[in-house]
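Engineer: Below you will find the structure I want to go over with you.
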Amino acid sequence: MNEVLKNNKGLSLTIGKSLFKNPVFVNSGTFAGGVEYNAFFDISKLGAVTTKSFSLEKKEGNAPPRIWETSSGMLNSIGLQNEGINYFLDTQLCKMKELGADIILSIFGCDTEEFKKIAAKIKTIEKELKAVELNLSCPNVREGGMAFCAAPGQIGPVVSEIKNIIDVPLIVKLSPNFNTIIESAIISKENGADAISIINTITGTAFDIETFKPRLANISGGLSGPAIKPVALFHVYRLAKEKILPVIGMGGISCWQDAVEFLIAGACAIGVGTANFINPVISEKIIEGIAGYMVSMGFSSLDEMVGKAIKES
Amino acid sequence: MKLLSGEILANKKYGSSLYKLEVFSPYICRNAIPGQFVEVKCSTEDATDPLLRRPFGIYEIDKRFNVFSLLYIVRGKGTAFLSRMEKGQNLDFIGPLGNGLKFDLDDGKKYILIGGGIGIAPLCLAAAHLAEKEKEILFIAGFKDNVFFSWEKDIAKITQNYRIFTEDGSFGEKGLPTSYLAANIKKLNNSIIIACGPSDMLRVIQEILVNAHGFTALSLLEERMACGIGACMGCVIKIKEADGTVVYKKVCSDGPVFNLMEVIFE
């Protein structure tokens, strides 16, 4: 084990009032609650586990087929299938705590009212959470979802109302599908958000050339995986340069080198998503890889490396 | 389930596009049961295309030598990559996955295994298990053509009680396994049917059994998968539960074994 890993302080960071042991998070919807992945490695090693997004009530999600592989990427149209926030409170939270996971709870609502109701429910357990991520960017639902990013004015009330209810750092997850990331980040900050996570998936589609049918029952889905990494990296770089809020960078990160690229582009932390499906231990390897890189480059803390590419460009 | 690496002992060509891959893995041989599957990385270590692992039902387990095998047809980029792998290379896979088949061996029932195309693969492991326990089995296989010609020697080693049908009559009898089932439904009762294959075939079996008595019907379902462990919710199918409610179930972790009569095919 190298010095940076031994001395956890070298990898740690803060978002709002929460301290994270390292900058490697796993993305909402790719890791469930982490229980499955704990069979492969100790998930308490992660900077944070971001849960699948929970809505107020159970959501059945979209009709199958829901996934289609593309060149170095995948389209999904899961549609936020989840058991509802009560399932998180009554069942999943306990399991995640037993495993020692640092939790970012992802929540989703169709409108400000639904978000407020969810916030009221999580108020009693807010101390168990490192942060709450507001999923304002799912491309696969008709109501809410990335509609918030299409009209960023709607983001303000959601953030401020939730901030009034719970005292937990708030992360706003944004979509790359509209040219509104910077505007949305400014509104998020003005209303009390603590960080921005980008990018959610990029809307795409695929068709069967023999049957002429769409590959996804929902017709469109969200593209993720290595194919979107350059796009995600650009959005992270562009937003981080503005120094509006800390940026959690995600989109196609598949190895520690990818993670380092996001960090030097200005991300304070990174999220691993689709890569978990291919290699269930990749996020652990990325933590080790970042630590090794820091030692070889002579960085003794994340602060020394985050945004290096912004300073150079 | 574990993330594993196993040495490839053979990658035998069984026909124009049919292969059998034999892999050394004491862990799989010790822990896997019929109906379970493995998710295989079908590209070199750092390659991102094909991206996702591919699920394959376990075809054979030889506990004496700690070798399991997969039977596969070359269809796309993933299986094409697999067909180029050679003896001595290591296979990167996760398994065993899914719930598999749990048999009540004292139920006095006979087993009818119905496989369509590559759907025969996991049924062969079930057949071998049941034959070892001296259960009465009938294996009915259906194919489009004679691509599976060389496979017959494998099933013949497990049981002599098998029927092979092809749509073009080029191998076995001309016809469909479902037609055979429909024609013989009365004399086959008091059986457990386990079916795996295209959804069109499963739907027809379901229709045949709706009006039949004395059957329990299980299906091993196949779906495109991403994680394979129940995290991503990509591989769901619609199930009508006993109380009439319709829910999405994950083929990877709730299945792949489902009560055939509860599956909604769309």
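Chain labels run A, B, ... following the order of the structure tokens; each chain numbers its residues from 1, and ligands are numbered from 1 in the order shown.
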Within 8 Å of chain B, which residues belong to chain A? Use only C-alpha atoms and report them as a list in words.
Structural biologist: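 The selection requested is Gly29, Thr30, Phe31, Ala32, Gly33, Glu36, Ala39, Phe40, Glu60, Pro64, Pro65, Arg66, Ile67, Trp68, Glu69, Ser71, Ser72, Gly73, Met74, Asn76, Ile78, Gln81, Pro226, Asn276, Phe277, Ile278 and Pro280 of chain A.
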Engineer: DSSP on the backbone, then: every residue of range 39-151 of chain A marked helix (DSSP H, G or I), written as a ChimeraX atom specification.
Structural biologist: /A:39,43-45,85-98,112-128,147-150
Engineer: Within 6 Å of Leu21 in chain B, counting only C-alpha atoms, which residues qualify if same-chain residues fewer than 2 places away don't, as a PyMOL selection string?
Structural biologist: chain B and resi 10-11+69-70
Engineer: One decimal, in Å: what's the spacing between CA of Gly307 in chain A and CA of Tyr293 in chain A?
Structural biologist: 15.2 Å
Engineer: Counting only C-alpha atoms, what is within 12 Å of Lys241 in chain A, bar same-chain residues fewer than 4 positions away, as a ChimeraX atom specification?
Structural biologist: /A:182,234-237,245-247,264-267,306-313
Engineer: Can you work out which one of B:Ser16, B:Ser5, B:Asn259, B:Thr44 has the shortest atom-to-atom distance to Asn90 in chain B, counting only C-alpha atoms?
Structural biologist: B:Ser5
Engineer: What's around Ile164 in chain B at 8 Å? Count only C-alpha atoms, leave out sequence neighbours fewer than 4 positions away in its own chain, and write the answer as an mmCIF file with C-alpha atoms, in the first residue's frame.
Structural biologist:
data_model
loop_
_atom_site.group_PDB
_atom_site.id
_atom_site.type_symbol
_atom_site.label_atom_id
_atom_site.label_comp_id
_atom_site.auth_asym_id
_atom_site.auth_seq_id
_atom_site.Cartn_x
_atom_site.Cartn_y
_atom_site.Cartn_z
ATOM 1 C CA ILE B 140 -36.890 -32.680 -27.004
ATOM 2 C CA ALA B 141 -34.712 -30.414 -29.114
ATOM 3 C CA GLY B 142 -35.708 -28.202 -32.007
ATOM 4 C CA PHE B 143 -33.441 -26.460 -34.504
ATOM 5 C CA PHE B 171 -31.246 -33.341 -39.050
ATOM 6 C CA GLY B 172 -33.489 -35.542 -36.907
ATOM 7 C CA GLU B 173 -37.211 -35.446 -37.689
ATOM 8 C CA PRO B 177 -40.783 -29.753 -30.716
#
Engineer: From the options B:Ile264, B:Ile61, B:Ile114, B:Val23, which residue's atoms come nearest to Ile194 in chain B, counting only C-alpha atoms?
Structural biologist: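 Result for the nearest residue to Ile194 in chain B: B:Ile114.
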Engineer: Restricting the calculation to only C-alpha atoms, which member of B:Gly76, B:Gly95, B:Pro34, B:Gly214 is positioned closest to Ala126 in chain B?
Structural biologist: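 For Ala126 in chain B, the nearest of the candidates is B:Pro34.
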Engineer: Extract, using only C-alpha atoms, all DNA, RNA and protein residues at most 10 Å from Cys94 in chain A, discarding same-chain residues fewer than 6 positions from it, and format them as a compact mmCIF listing (two decimals) with C-alpha atoms, in the first residue's frame.
Structural biologist:
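Contents of part.txt, freshly written:
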# COMPACT_ATOMS: atom_id res chain seq x y z
CA PHE A 88 -34.83 2.80 1.15
CA GLY A 100 -20.15 0.44 6.10
CA GLU A 128 -26.88 8.75 7.96
Engineer: One decimal, Å: what's the distance from CA of Glu22 in chain B over to CA of Phe56 in chain B, could you say?
Structural biologist: 12.7 Å
